[in-house]
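Right, one structure below, let's go through it.
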Amino acid sequence: MNKNALHLYNTAIRAKELFTLPPDVPEVRMYACGPTVYHYAHIGNLRTYLFEDLLRRSLEYFGFKVRHVVNITDVGHLTSDENDGEDKMEVGAERTGKSVWEIAEYYTEKFKDDLKLLNVLPPTVWCKATDYIKEQINLIKKLEEKGFTYRTSDGIYFDSMKFPRYADFARLDIIGLKSGARIDLGEKKFATDFALWKFSPKDKKRAMEWESPWGVGFPGWHIECSAMAMALLGETLDIHCGGTDHIRVHHTNEIAQSECSTGKQFSRFWLHGEFLRESSSEKMSKSSGEFLTLGALMERRFDPIAYRLFSLTSHYRNYLNFSWEAMENAQISLNALRKKTEPFIGLEGEVQSVDARMWSSKFSNCIGDDLNSSAAIGVLNLMFVDTSLANNEKAALIKEFDSVLGLDLLRAPEKKRSAEELAKVEELIKERNTARAAKNFAESDRLRDALLSLGAVVKDSKDGTSWEWK
Ligand code: AMP
Ligand code: ZN
């Protein structure tokens, strides 16, 4: 294939850079900050995972092998993102009347279902914070030995002023922060210091707490990503990514604690996806409890892949404004793309002729330019009308482009499903209706998952239950 170079915008230097691997590194060591599983993911969160999937697919398209790690935050993420407020997991448990462990498991599964519906490739490794408490404690111990920590009455803190480059990543105004000392620091020495370990309250037993050299408590949120990334990928990563909200606090803190503990660069590239907004000025908030989920889009009969297409039509570094009208348009475009693709389903071919290679090169130029997916979709649409291409070459090009776009364009259409598959789905739907009527929601959730694994997406609405093929 005729691939050009892959350039990615690296937040660390605020510029696009050619992506390559160091000579002795066989695969891309990529870490993406995952969800805090106290609620459903909203479609804003999902935009970030779609961007990361585009990144992963693009790296593979450019011939890199990728070891992709995504974490599940199931402890320690406080409502303020910094050191204050309640643990989001405990808030979620109170809201639902379930235990923190139950909601962690429930929302993790729901999150994975969403990713599957969006045709997001599963990471090489899923890891969760509560499985890596030992590694987090060891990392804090190392920081303590090197003199980067101090103790207050509520925890062990990172002394950010001992890391001279602390302000660089987010271009923080340290002088301004110093002079604006109006904020109540409590026992913290400086505004940007953050908790590595928090002590459990004296008067209350937390649902999640562990012994540590400093007393019973739980890890701060930031330390989990450094500890898991280093345990699973080594001390230096090639790519670390997340949403733009992570630049100022979370990723800045990850860099500080990782680089102070190892003395090495933590990640060579940092990539950040911009926010989805519900209207031109607002951002979505999971903690407010008012947000749109993928399920809500599906209830309105949108195909999850239409949301994927909607996300791909804007560059990942631009804000994207959500509206129902935009979703309608995305669905129309997806239907049109599927119609155009249908004649090529089942054809085998290779990208060989000069013309076909030219299309391949155009496409890889777009993706190579910091993942310009909207331009890449433009190339796909233009390629369809090129009469100099043989049909089997078009089929090969669709396959190649869709390995990056992930729109599942060459999926066999519905009518090709076997009668047995249909009968099985209908049987499970009946069982699920019975379970729902008996208010057995655990069983109905289990059956929904079973149906999903058969490729049938179930939708419940006030008018009853319907389903369709994924
Ligand atoms: P959380 O579950 O809140 O930790 O967030 C999971 C991911 O979603 C993080 O990478 C956030 O940066 C990202 N995120 C949060 N809100 C939005 C939004 N409105 N649009 C895009 N990404 C978001
Ligand atoms: Zn993280």
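Chains: A, B, ... in order of the structure tokens. Residues: from 1 per chain. Ligands: from 1, in order shown.
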Show me which residues sit within 10 Å of ligand 2 when counting only C-alpha atoms and all ligand atoms, and put them as an MDAnalysis selection string. chainID A and resid 31:36 70:73 221:226 228:229 240:243 246 250:251 253:254
Within 7 Å of stretch 109-114 of chain A, counting only C-alpha atoms, which residues qualify if same-chain residues fewer than 4 places away don't, as a ChimeraX atom specification? /A:40-41,105,118,294
With N, CA, C and O atoms retained, write the just-selected residues as a short mmCIF file (atom, residue, chain, number, x, y, z; two decimals), in the first residue's frame.
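File again_8.cif, as written:
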data_model
loop_
_atom_site.label_atom_id
_atom_site.label_comp_id
_atom_site.auth_asym_id
_atom_site.auth_seq_id
_atom_site.Cartn_x
_atom_site.Cartn_y
_atom_site.Cartn_z
N TYR A 40 -23.66 6.11 33.59
CA TYR A 40 -23.49 5.78 32.18
C TYR A 40 -22.53 6.76 31.54
O TYR A 40 -22.44 7.92 31.99
N ALA A 41 -21.85 6.34 30.48
CA ALA A 41 -21.04 7.29 29.71
C ALA A 41 -22.00 8.19 28.95
O ALA A 41 -23.03 7.72 28.47
N GLU A 105 -19.10 -2.54 38.52
CA GLU A 105 -19.24 -3.63 37.56
C GLU A 105 -20.34 -3.33 36.53
O GLU A 105 -20.15 -3.50 35.32
N LEU A 118 -20.59 1.05 18.99
CA LEU A 118 -19.95 2.09 18.17
C LEU A 118 -18.81 1.53 17.32
O LEU A 118 -18.09 2.28 16.66
N LEU A 294 -25.86 6.98 24.66
CA LEU A 294 -26.05 6.31 23.38
C LEU A 294 -27.43 5.65 23.34
O LEU A 294 -28.11 5.66 22.31
#
May I ask you to write as a PyMOL selection string all residues lying at most 9 Å from ligand 1, with only C-alpha atoms and all ligand atoms counted? chain A and resi 32-49+72-73+77+81+241-247+272-278+282-287+319-320
Helix (DSSP H, G or I) residues, from DSSP on the backbone, in stretch 11-108 of chain A, as a PyMOL selection string: chain A and resi 43-61+88-96+100-108
Between atom CA of A:Leu454 and atom CA of A:Leu405 - distance in Å to one decimal: 23.2 Å
Name the residues in contact with A:Thr149 at a cut-off of 10 Å, using only C-alpha atoms, excluding same-chain residues fewer than 3 positions from it; report them as a PyMOL selection string. chain A and resi 140-146+156-160+162+193-196+257
Residue neighbourhood A:Glu211, 10 Å, only C-alpha atoms, exclusion window fewer than 4 positions, as an NGL selection string: :A and (133-134 or 137 or 199 or 215-218)
Using only C-alpha atoms, please write the residues we just selected to a file, as a PDB file, in the first residue's frame.
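Resulting contents of selection-v3.pdb:
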ATOM      1  CA  ILE A 133      -3.418  -0.569  44.750  1.00  0.00           C
ATOM      2  CA  LYS A 134      -0.013  -2.165  45.505  1.00  0.00           C
ATOM      3  CA  ILE A 137       1.410   2.553  47.026  1.00  0.00           C
ATOM      4  CA  PHE A 199      -6.894   8.963  54.710  1.00  0.00           C
ATOM      5  CA  GLY A 215      -2.603   4.703  57.351  1.00  0.00           C
ATOM      6  CA  VAL A 216      -5.887   3.298  56.062  1.00  0.00           C
ATOM      7  CA  GLY A 217      -7.234   5.180  53.075  1.00  0.00           C
ATOM      8  CA  PHE A 218      -7.451   5.236  49.298  1.00  0.00           C
TER       9      PHE A 218
END
A:Phe441, A:Tyr316, A:Trp197, A:Phe322 ranked by distance to A:Asp369, top pick (using only C-alpha atoms):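 The closest residue to A:Asp369 is A:Tyr316.
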Considering only C-alpha atoms, tabulate each residue of stretch 58-172 of chain A that lies at most 12 Å from stretch 395-402 of chain A along with its nearest interatomic pair and the corresponding distance in Å to one decimal; arrange the rows by chain and ascending residue number and present them as CSV.
residue,atom,partner,partner_atom,distance
A:Ser58,CA,A:Phe401,CA,9.9
A:Glu60,CA,A:Glu400,CA,11.4
A:Tyr61,CA,A:Glu400,CA,8.3
A:Phe62,CA,A:Glu400,CA,11.3
A:Asn119,CA,A:Asp402,CA,11.2
According to DSSP computed on the backbone, where in stretch 16-234 of chain A is there strand (DSSP E)? Give the residues as number ranges by chain. A: 16-18, 28-32, 66-72, 125-128, 149-151, 155-158, 194-199, 217-219
Distance atom CA of A:Val100-atom CA of A:Leu78, one decimal place?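 So the answer is 14.0 Å.
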